[in-house]
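Working notes for the structure below.
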Amino acid sequence: MTWLIVRKELLELRRSPVLLLSMISLPATVVLVPVVLLAWLLKRAPDQALAFVQEFYGVKGSATVAGVASVLAQNWLPMFLVLPVFLPILIAAQSIGGERERRTLEPLLATPVSTTSIILGKSIAALIPALIITWTAAALFCLGIDVIVGSALLPDSSWLFGTLLLAPLLALFGNGAAVVVSARVLDPRAAQNLAATTVLPLLGLLVTQLAGKISLGPRFYFGLALGVATLDVALIAFAVRTFDRERLLTHWR
Amino acid sequence: MRSLIAIETRGLSKSFGGRAACTDISFEVARGEVFGLLGPNGAGKTTTLRMLAGLYAPDAGTARVAGFEIAPGKPGGPGLRAKVGLLTEQPGFYDRLTARENLIYFGKLQGAVDAPARASKLLDRFALRSHADRHFAELSRGMKQKLAIARALLHEPEVIFLDEPTVGLDPEATREMRNVIAELAAEHATIVLCTHHLDEVERLCSRAAFIAGRLLAVHEMSRKELLRIELAQPFDAAPLANLYKSIETRGPVLLIEPLAEVPDIVAALAAAGARIVSVSPHRDALEEAWLQLSKEARERGLTS
């Protein structure tokens with residue numbers, strides 16, 4: 001039953017060009033802006049601009065180009081952790097409230113399908129495109145940086161850990177938050193807005209790191225992975241336990 | 001041995017946020033019967049139907065549907081939901097899926113054996129084959145409703161619940177939908193028809209429960225074809241006893257269960273000196289019962 005729901009959700013998504021476009025626009029920006037900026041900085045910008053960046057981030061030594069690229073790439077990694085939280089929210093926030101808005105919830109709940117299958121099916125269907133897009137964007141970003149620098153700078157161990165392990169855990173978190181909110185708030189737009197607030201802590205980290213105030217290292221990412229994994233398990237259990245079929249059919253707020 | 005009773009409810013009650021939706025609903029539906037749930041908007045019909053379809057549990061009372069128990073805290077579960085078909089008030093399909101894709105999806109969720117074949121068969125039955133590969137959003141309201149009734153039949157349920165099947169349909173689509181229900185009735189399907197259209201119940205149901213927050217009465221439909229003859233003044237029709245099985249006199253109106261053809265009755269009455277104002281079929285027993293019960297319900301403060 002779970003895979004049946006996954007297949008249906010993905011089929012609907014494939015036929016929703018506007019939603020797909022909205023999912024792709026942010027990752028495209030996240031890839032293009034820093035790559036173009038770095039290319040300009042290293043190839044076209046006045047020397048003072050490069051010198052300022054070197055000084056601001058404390059890049060020293062002779063390998064100026066690789067040094068600046070490496071610092072910017074590390075600082076930009078949190079943005080690729082925001083994507084897997086944000087992207088599934090676009091789909092998952094519509095999951096329960098959207099069904100209700102389209103009046104498909106009652107026929108769905110009238111079938112013998114279990115609560116776990118509904119939640120898992122909708123979650124997996126939100127995770128698959130989110131991860132594919134995140135990984136594709138990360139691969140393009142790494143490729144772009146490597147081409148500009150002229151060497152295989154990325155992905156390094158932080159990037160591999162961040163995108164391959166942390167991103168799926170964060171995607172699960174974003175999705176779980178969206179499903180829980182969607183099952184309680186019911187209005188898909190409100191659910192999307194509320195669930196989207198879960199990206200704020202990561203955005204805060206990104207901004208603070210870009211401002212040169214902190215430097216997030218492997219220990220931070222490892223700790224984050226452990227914390228998010230724990231939250232994921234708790235969120236899924238909470239989502240299944242609080243999925244109230246009767247409430248979904250009878251409450252309008 | 002299968003019970004002859006498909007549905008049995010005993011004192012079903014349900015409230016939402018302290019407000020009673022329905023109270024003390026008790027009735028039985030035999031296998032193969034078409035049973036009506038009749039009542040105004042907000043009378044608790046849909047709530048009753050949803051409890052019987054396993055969507056939620058009652059606060060009080062019990063029910064047995066297709067052999068499955070429903071009780072407070074026990075809404076029947078997946079076993080019950082696999083045995084009943086529900087036509088919801090709104091068709092409720094996915095706009096971006098085709099009619100066929102929608103049916104196959106719900107058929108598989110319902111556990112229908114060979115859902116694609118079953119979907120094709122039902123698309124044929126409801127004359128939707130030529131629209132099967134159109135997106136649901138492109139279908140007319142009547143087609144959508146037929147597709148919804150097809151969905152309710154995908155898994156060959158033991159009991160079919162129809163919630164306002166003709167609401168929002170144009171006259172042609174309404175007639176088509178009623179024909180579909182009549183066909184199902186002719187196939188001895190057990191159907192609970194929830195509606196506020198008296199003529200629908202009169203045409204399709206053998207019995208109907210009047211609900212207005214609580215069960216007011218269960219009315220058995222009379223299939224007698226009565227003739228209503230309005231006269232200019234009261235007339236004693238006793239000498240014409242060979243023309244009718246039964247007669248009821250209501251002032252200048254005669255309600256006749258005829259034995260002879262209508263023109264013969266009219267001619268005999270005219271020959272006997274009766275001055276006939278109008279002659280029409282009389283099928284308003286249900287309407288009268290409904291009006292009487294509604295009045296009583298208002299007097300008891302059950303409806304406004």
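Naming scheme: A, B, ... for chains in displayed order of the structure tokens; residues 1 onward per chain; ligands 1 onward as shown.
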
| said: With only C-alpha atoms as the counted atoms, please give the residues lying no more than 10 Å from B:Ala53, apart from itself and same-chain residues fewer than 5 positions off, as a list in words. | reply: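 So, after excluding close chain neighbours, the residues are Ala110 and Thr111 of chain A; Thr47, Thr48, Val65, Ile70, Pro75, Gly76, Gly77, Leu80, Arg81, Ala82, Lys83, Val84, Gly85, Leu86, Val159, Ile160 and Phe161 of chain B.
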
| field | chain B contacts on chain A, only C-alpha atoms, 7 Å, as a ChimeraX atom specification | value | /A:1,12,15,102-104,107,109-113,246

Keeping only C-alpha atoms, take the residues you just selected and write them out as a short mmCIF file (atom, residue, chain, number, x, y, z; two decimals), in the first residue's frame.
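Writing the result to selection_16.cif gives the following:
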```
data_model
loop_
_atom_site.label_atom_id
_atom_site.label_comp_id
_atom_site.auth_asym_id
_atom_site.auth_seq_id
_atom_site.Cartn_x
_atom_site.Cartn_y
_atom_site.Cartn_z
CA MET A 1 0.00 0.00 0.00
CA GLU A 12 0.86 13.66 -9.64
CA ARG A 15 2.18 16.28 -13.89
CA ARG A 102 -9.38 18.58 -2.87
CA ARG A 103 -11.99 16.46 -1.06
CA THR A 104 -9.97 13.29 -1.64
CA PRO A 107 -12.43 8.53 0.01
CA LEU A 109 -9.68 7.28 4.67
CA ALA A 110 -12.66 5.13 3.65
CA THR A 111 -10.26 2.53 2.21
CA PRO A 112 -8.62 -0.13 4.40
CA VAL A 113 -5.22 1.56 4.01
CA GLU A 246 -11.93 11.61 12.78
#
```

| message | Quick one: residues within 7 Å of stretch 114-127 of chain A, only C-alpha atoms, excluding same-chain residues fewer than 3 positions away - as an NGL selection string? | response | :A and (1-3 or 5-6 or 9-10 or 88 or 91-92 or 95 or 130-131 or 171-172 or 175 or 240)

Counting only C-alpha atoms, what is within 12 Å of B:Phe126, bar same-chain residues fewer than 6 positions away, as a PDB file with N, CA and C atoms, in the first residue's frame?
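Wrote it out as result09.pdb, contents follow:
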```pdb
ATOM      1  N   ALA B  99      -9.311   9.276 -15.387  1.00  0.00           N
ATOM      2  CA  ALA B  99     -10.418   8.547 -14.742  1.00  0.00           C
ATOM      3  C   ALA B  99      -9.978   7.118 -14.441  1.00  0.00           C
ATOM      4  N   ALA B 119     -11.638  -2.002 -13.003  1.00  0.00           N
ATOM      5  CA  ALA B 119     -11.847  -0.598 -13.380  1.00  0.00           C
ATOM      6  C   ALA B 119     -12.389  -0.510 -14.805  1.00  0.00           C
ATOM      7  N   SER B 120     -11.801  -1.306 -15.708  1.00  0.00           N
ATOM      8  CA  SER B 120     -12.260  -1.292 -17.108  1.00  0.00           C
ATOM      9  C   SER B 120     -13.726  -1.700 -17.190  1.00  0.00           C
ATOM     10  N   ALA B 132     -12.117   7.504 -20.338  1.00  0.00           N
ATOM     11  CA  ALA B 132     -11.260   6.862 -19.323  1.00  0.00           C
ATOM     12  C   ALA B 132      -9.872   7.477 -19.241  1.00  0.00           C
ATOM     13  N   GLY B 142     -21.587  15.186 -13.944  1.00  0.00           N
ATOM     14  CA  GLY B 142     -22.297  13.901 -13.995  1.00  0.00           C
ATOM     15  C   GLY B 142     -21.325  12.736 -14.147  1.00  0.00           C
ATOM     16  N   MET B 143     -20.326  12.929 -15.014  1.00  0.00           N
ATOM     17  CA  MET B 143     -19.319  11.876 -15.217  1.00  0.00           C
ATOM     18  C   MET B 143     -18.534  11.631 -13.929  1.00  0.00           C
ATOM     19  N   LYS B 144     -18.203  12.735 -13.253  1.00  0.00           N
ATOM     20  CA  LYS B 144     -17.447  12.613 -12.001  1.00  0.00           C
ATOM     21  C   LYS B 144     -18.240  11.793 -10.981  1.00  0.00           C
ATOM     22  N   GLN B 145     -19.536  12.045 -10.945  1.00  0.00           N
ATOM     23  CA  GLN B 145     -20.362  11.341  -9.967  1.00  0.00           C
ATOM     24  C   GLN B 145     -20.488   9.864 -10.338  1.00  0.00           C
ATOM     25  N   LYS B 146     -20.568   9.588 -11.642  1.00  0.00           N
ATOM     26  CA  LYS B 146     -20.625   8.184 -12.058  1.00  0.00           C
ATOM     27  C   LYS B 146     -19.311   7.474 -11.731  1.00  0.00           C
ATOM     28  N   LEU B 147     -18.225   8.208 -11.907  1.00  0.00           N
ATOM     29  CA  LEU B 147     -16.913   7.636 -11.574  1.00  0.00           C
ATOM     30  C   LEU B 147     -16.838   7.339 -10.068  1.00  0.00           C
ATOM     31  N   ALA B 148     -17.439   8.230  -9.290  1.00  0.00           N
ATOM     32  CA  ALA B 148     -17.420   8.029  -7.831  1.00  0.00           C
ATOM     33  C   ALA B 148     -18.242   6.811  -7.439  1.00  0.00           C
ATOM     34  N   ILE B 149     -19.337   6.597  -8.132  1.00  0.00           N
ATOM     35  CA  ILE B 149     -20.146   5.416  -7.792  1.00  0.00           C
ATOM     36  C   ILE B 149     -19.413   4.154  -8.264  1.00  0.00           C
ATOM     37  N   ALA B 150     -18.695   4.285  -9.377  1.00  0.00           N
ATOM     38  CA  ALA B 150     -17.885   3.143  -9.846  1.00  0.00           C
ATOM     39  C   ALA B 150     -16.833   2.793  -8.790  1.00  0.00           C
ATOM     40  N   ARG B 151     -16.238   3.831  -8.202  1.00  0.00           N
ATOM     41  CA  ARG B 151     -15.224   3.580  -7.165  1.00  0.00           C
ATOM     42  C   ARG B 151     -15.818   2.809  -5.982  1.00  0.00           C
ATOM     43  N   LEU B 153     -17.939   0.657  -6.053  1.00  0.00           N
ATOM     44  CA  LEU B 153     -18.261  -0.735  -6.401  1.00  0.00           C
ATOM     45  C   LEU B 153     -17.026  -1.566  -6.747  1.00  0.00           C
ATOM     46  N   ALA B 173     -28.347  14.286 -15.605  1.00  0.00           N
ATOM     47  CA  ALA B 173     -27.387  13.496 -14.823  1.00  0.00           C
ATOM     48  C   ALA B 173     -28.063  12.888 -13.595  1.00  0.00           C
ATOM     49  N   GLU B 176     -29.873   9.861 -14.740  1.00  0.00           N
ATOM     50  CA  GLU B 176     -28.910   8.787 -15.001  1.00  0.00           C
ATOM     51  C   GLU B 176     -28.448   8.135 -13.700  1.00  0.00           C
ATOM     52  N   MET B 177     -28.153   8.991 -12.724  1.00  0.00           N
ATOM     53  CA  MET B 177     -27.667   8.481 -11.440  1.00  0.00           C
ATOM     54  C   MET B 177     -28.738   7.634 -10.759  1.00  0.00           C
ATOM     55  N   ASN B 179     -31.041   5.982 -12.252  1.00  0.00           N
ATOM     56  CA  ASN B 179     -31.128   4.710 -12.985  1.00  0.00           C
ATOM     57  C   ASN B 179     -30.030   3.747 -12.528  1.00  0.00           C
ATOM     58  N   VAL B 180     -28.847   4.313 -12.295  1.00  0.00           N
ATOM     59  CA  VAL B 180     -27.731   3.478 -11.836  1.00  0.00           C
ATOM     60  C   VAL B 180     -28.089   2.839 -10.494  1.00  0.00           C
ATOM     61  N   ILE B 181     -28.655   3.635  -9.598  1.00  0.00           N
ATOM     62  CA  ILE B 181     -29.006   3.106  -8.265  1.00  0.00           C
ATOM     63  C   ILE B 181     -30.114   2.056  -8.409  1.00  0.00           C
ATOM     64  N   GLU B 183     -30.584   0.147 -10.941  1.00  0.00           N
ATOM     65  CA  GLU B 183     -29.932  -1.066 -11.469  1.00  0.00           C
ATOM     66  C   GLU B 183     -29.276  -1.854 -10.346  1.00  0.00           C
ATOM     67  N   LEU B 184     -28.575  -1.136  -9.472  1.00  0.00           N
ATOM     68  CA  LEU B 184     -27.914  -1.806  -8.347  1.00  0.00           C
ATOM     69  C   LEU B 184     -28.940  -2.477  -7.450  1.00  0.00           C
TER      70      LEU B 184
END
```

| Top pick for closest residue to A:Glu55, considering A:Leu160, A:Val71, A:Leu216, A:Leu170 and counting only C-alpha atoms |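 Under the stated criterion, the closest residue is A:Val71.
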
| query | Any idea what the distance is between atom CA of A:Gly174 and atom CA of A:Gly204? | reply |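 Between these atoms lies a distance of 16.2 Å.
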
Give me every strand (DSSP E) residue in stretch 43-278 of chain B, going by DSSP on the backbone, as a CSV table (one decimal) with N, CA and C atoms, in the first residue's frame.
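Result file out_25.csv:
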```csv
chain,number,residue,atom,x,y,z
B,60,ALA,N,-21.6,6.7,21.7
B,60,ALA,CA,-22.5,5.7,22.4
B,60,ALA,C,-23.2,4.9,21.4
B,61,GLY,N,-23.6,3.7,21.9
B,61,GLY,CA,-24.4,2.8,21.0
B,61,GLY,C,-23.4,1.9,20.2
B,62,THR,N,-24.0,0.9,19.6
B,62,THR,CA,-23.2,0.0,18.8
B,62,THR,C,-23.9,-0.2,17.4
B,63,ALA,N,-23.1,-0.8,16.6
B,63,ALA,CA,-23.7,-1.2,15.3
B,63,ALA,C,-22.9,-2.4,14.8
B,64,ARG,N,-23.6,-3.2,13.9
B,64,ARG,CA,-22.9,-4.3,13.2
B,64,ARG,C,-23.1,-4.1,11.7
B,65,VAL,N,-22.1,-4.0,11.0
B,65,VAL,CA,-22.2,-3.8,9.5
B,65,VAL,C,-21.4,-4.8,8.8
B,68,PHE,N,-19.1,-6.7,11.0
B,68,PHE,CA,-18.1,-6.1,11.8
B,68,PHE,C,-18.8,-5.2,12.9
B,69,GLU,N,-18.2,-5.3,14.1
B,69,GLU,CA,-18.8,-4.5,15.2
B,69,GLU,C,-18.3,-3.1,15.2
B,70,ILE,N,-19.1,-2.1,15.5
B,70,ILE,CA,-18.8,-0.7,15.7
B,70,ILE,C,-19.2,-0.3,17.1
B,84,VAL,N,-17.2,-2.4,2.7
B,84,VAL,CA,-18.3,-1.4,2.4
B,84,VAL,C,-17.8,-0.5,1.3
B,85,GLY,N,-18.7,0.0,0.5
B,85,GLY,CA,-18.4,1.0,-0.5
B,85,GLY,C,-19.0,2.3,-0.2
B,86,LEU,N,-18.3,3.4,-0.3
B,86,LEU,CA,-18.8,4.6,0.1
B,86,LEU,C,-18.8,5.6,-1.0
B,87,LEU,N,-19.9,6.2,-1.4
B,87,LEU,CA,-20.0,7.3,-2.3
B,87,LEU,C,-20.0,8.5,-1.5
B,159,VAL,N,-21.9,-3.9,1.4
B,159,VAL,CA,-22.9,-2.8,1.6
B,159,VAL,C,-22.4,-1.6,0.9
B,160,ILE,N,-23.3,-0.9,0.3
B,160,ILE,CA,-23.0,0.4,-0.4
B,160,ILE,C,-23.6,1.6,0.3
B,161,PHE,N,-22.8,2.5,0.6
B,161,PHE,CA,-23.4,3.8,1.2
B,161,PHE,C,-23.3,4.9,0.2
B,162,LEU,N,-24.4,5.5,-0.1
B,162,LEU,CA,-24.5,6.6,-1.0
B,162,LEU,C,-24.9,7.9,-0.3
B,163,ASP,N,-24.0,8.8,-0.3
B,163,ASP,CA,-24.2,10.1,0.4
B,163,ASP,C,-24.6,11.1,-0.6
B,190,THR,N,-27.1,-4.3,-1.2
B,190,THR,CA,-27.6,-3.7,0.0
B,190,THR,C,-27.1,-2.2,0.0
B,191,ILE,N,-28.0,-1.3,-0.1
B,191,ILE,CA,-27.7,0.1,-0.2
B,191,ILE,C,-28.3,0.9,0.9
B,192,VAL,N,-27.5,1.8,1.4
B,192,VAL,CA,-28.1,2.9,2.3
B,192,VAL,C,-27.9,4.2,1.5
B,193,LEU,N,-29.1,4.8,1.3
B,193,LEU,CA,-29.1,6.0,0.4
B,193,LEU,C,-29.4,7.2,1.3
B,194,CYS,N,-28.5,8.1,1.4
B,194,CYS,CA,-28.6,9.3,2.3
B,194,CYS,C,-29.0,10.5,1.4
B,195,THR,N,-30.1,11.1,1.7
B,195,THR,CA,-30.6,12.1,0.8
B,195,THR,C,-31.6,13.0,1.5
B,207,ARG,N,-37.6,1.1,2.4
B,207,ARG,CA,-37.9,1.7,3.7
B,207,ARG,C,-37.0,2.9,3.9
B,208,ALA,N,-37.4,3.8,4.7
B,208,ALA,CA,-36.5,5.0,5.0
B,208,ALA,C,-36.6,5.4,6.4
B,209,ALA,N,-35.5,5.8,7.0
B,209,ALA,CA,-35.5,6.4,8.3
B,209,ALA,C,-35.5,7.9,8.3
B,210,PHE,N,-36.4,8.5,9.0
B,210,PHE,CA,-36.4,10.0,9.1
B,210,PHE,C,-35.5,10.4,10.2
B,211,ILE,N,-34.5,11.2,9.9
B,211,ILE,CA,-33.6,11.6,10.9
B,211,ILE,C,-33.6,13.2,11.0
B,212,ALA,N,-33.7,13.6,12.2
B,212,ALA,CA,-33.5,15.1,12.5
B,212,ALA,C,-32.8,15.2,13.8
B,214,ARG,N,-32.1,13.0,15.7
B,214,ARG,CA,-32.4,11.7,16.3
B,214,ARG,C,-33.3,11.0,15.3
B,215,LEU,N,-33.5,9.7,15.5
B,215,LEU,CA,-34.4,9.0,14.6
B,215,LEU,C,-35.8,9.3,14.9
B,216,LEU,N,-36.6,9.8,14.0
B,216,LEU,CA,-38.0,10.1,14.2
B,216,LEU,C,-38.9,8.9,13.9
B,217,ALA,N,-38.6,8.2,12.8
B,217,ALA,CA,-39.5,7.1,12.5
B,217,ALA,C,-38.8,6.3,11.3
B,218,VAL,N,-39.2,5.1,11.2
B,218,VAL,CA,-38.8,4.3,10.0
B,218,VAL,C,-40.1,4.1,9.2
B,219,HIS,N,-40.1,4.6,7.9
B,219,HIS,CA,-41.3,4.6,7.1
B,219,HIS,C,-41.2,3.5,6.1
B,220,GLU,N,-42.2,2.7,5.9
B,220,GLU,CA,-42.2,1.6,4.9
B,220,GLU,C,-42.9,2.2,3.7
B,226,LEU,N,-51.9,4.8,-6.4
B,226,LEU,CA,-53.3,5.4,-6.0
B,226,LEU,C,-53.6,6.4,-7.1
B,227,LEU,N,-54.9,6.6,-7.2
B,227,LEU,CA,-55.4,7.6,-8.1
B,227,LEU,C,-56.1,8.7,-7.3
B,228,ARG,N,-55.8,9.9,-7.5
B,228,ARG,CA,-56.3,11.0,-6.7
B,228,ARG,C,-57.4,11.7,-7.6
B,229,ILE,N,-58.6,11.6,-7.2
B,229,ILE,CA,-59.7,12.3,-8.0
B,229,ILE,C,-60.3,13.4,-7.2
B,230,GLU,N,-60.2,14.6,-7.7
B,230,GLU,CA,-60.7,15.7,-7.0
B,230,GLU,C,-62.1,16.1,-7.6
B,231,LEU,N,-63.0,16.2,-6.7
B,231,LEU,CA,-64.4,16.4,-7.2
B,231,LEU,C,-64.9,17.8,-6.8
B,244,TYR,N,-62.7,-0.4,-7.9
B,244,TYR,CA,-61.5,-0.2,-7.1
B,244,TYR,C,-61.3,-1.3,-6.0
B,245,LYS,N,-60.0,-1.4,-5.6
B,245,LYS,CA,-59.6,-2.3,-4.5
B,245,LYS,C,-59.9,-1.7,-3.2
B,246,SER,N,-59.5,-0.4,-3.1
B,246,SER,CA,-59.8,0.3,-1.8
B,246,SER,C,-60.1,1.8,-2.1
B,247,ILE,N,-60.7,2.4,-1.2
B,247,ILE,CA,-61.0,3.9,-1.4
B,247,ILE,C,-60.9,4.6,-0.1
B,248,GLU,N,-60.3,5.8,-0.2
B,248,GLU,CA,-60.3,6.7,1.0
B,248,GLU,C,-60.9,8.0,0.6
B,249,THR,N,-61.8,8.5,1.4
B,249,THR,CA,-62.5,9.8,1.0
B,249,THR,C,-61.9,10.8,1.9
B,250,ARG,N,-61.4,11.9,1.4
B,250,ARG,CA,-60.9,13.1,2.1
B,250,ARG,C,-61.7,14.3,1.6
B,253,VAL,N,-62.1,14.8,-2.1
B,253,VAL,CA,-61.1,14.1,-2.8
B,253,VAL,C,-61.2,12.6,-2.5
B,254,LEU,N,-61.1,11.8,-3.6
B,254,LEU,CA,-61.1,10.4,-3.5
B,254,LEU,C,-59.7,9.8,-3.8
B,255,LEU,N,-59.2,8.9,-2.9
B,255,LEU,CA,-58.0,8.3,-3.2
B,255,LEU,C,-58.3,6.8,-3.4
B,256,ILE,N,-58.1,6.4,-4.7
B,256,ILE,CA,-58.6,5.1,-5.1
B,256,ILE,C,-57.4,4.2,-5.5
B,257,GLU,N,-57.5,3.0,-5.0
B,257,GLU,CA,-56.6,2.0,-5.6
B,257,GLU,C,-57.3,1.2,-6.7
B,258,PRO,N,-57.0,1.5,-7.9
B,258,PRO,CA,-58.0,1.1,-9.0
B,258,PRO,C,-57.9,-0.4,-9.3
B,276,ILE,N,-66.2,16.0,-11.8
B,276,ILE,CA,-64.7,15.8,-11.6
B,276,ILE,C,-63.9,17.0,-11.9
B,277,VAL,N,-63.1,17.4,-11.0
B,277,VAL,CA,-62.3,18.6,-11.2
B,277,VAL,C,-60.9,18.2,-11.8
B,278,SER,N,-60.3,17.2,-11.2
B,278,SER,CA,-59.0,16.7,-11.7
B,278,SER,C,-58.7,15.3,-11.3
```

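Nearest-residue note for B:Ser130: choosing from B:Arg118, B:Arg300, B:His196, B:Arg100, the minimum distance belongs to B:Arg100, counting only C-alpha atoms.
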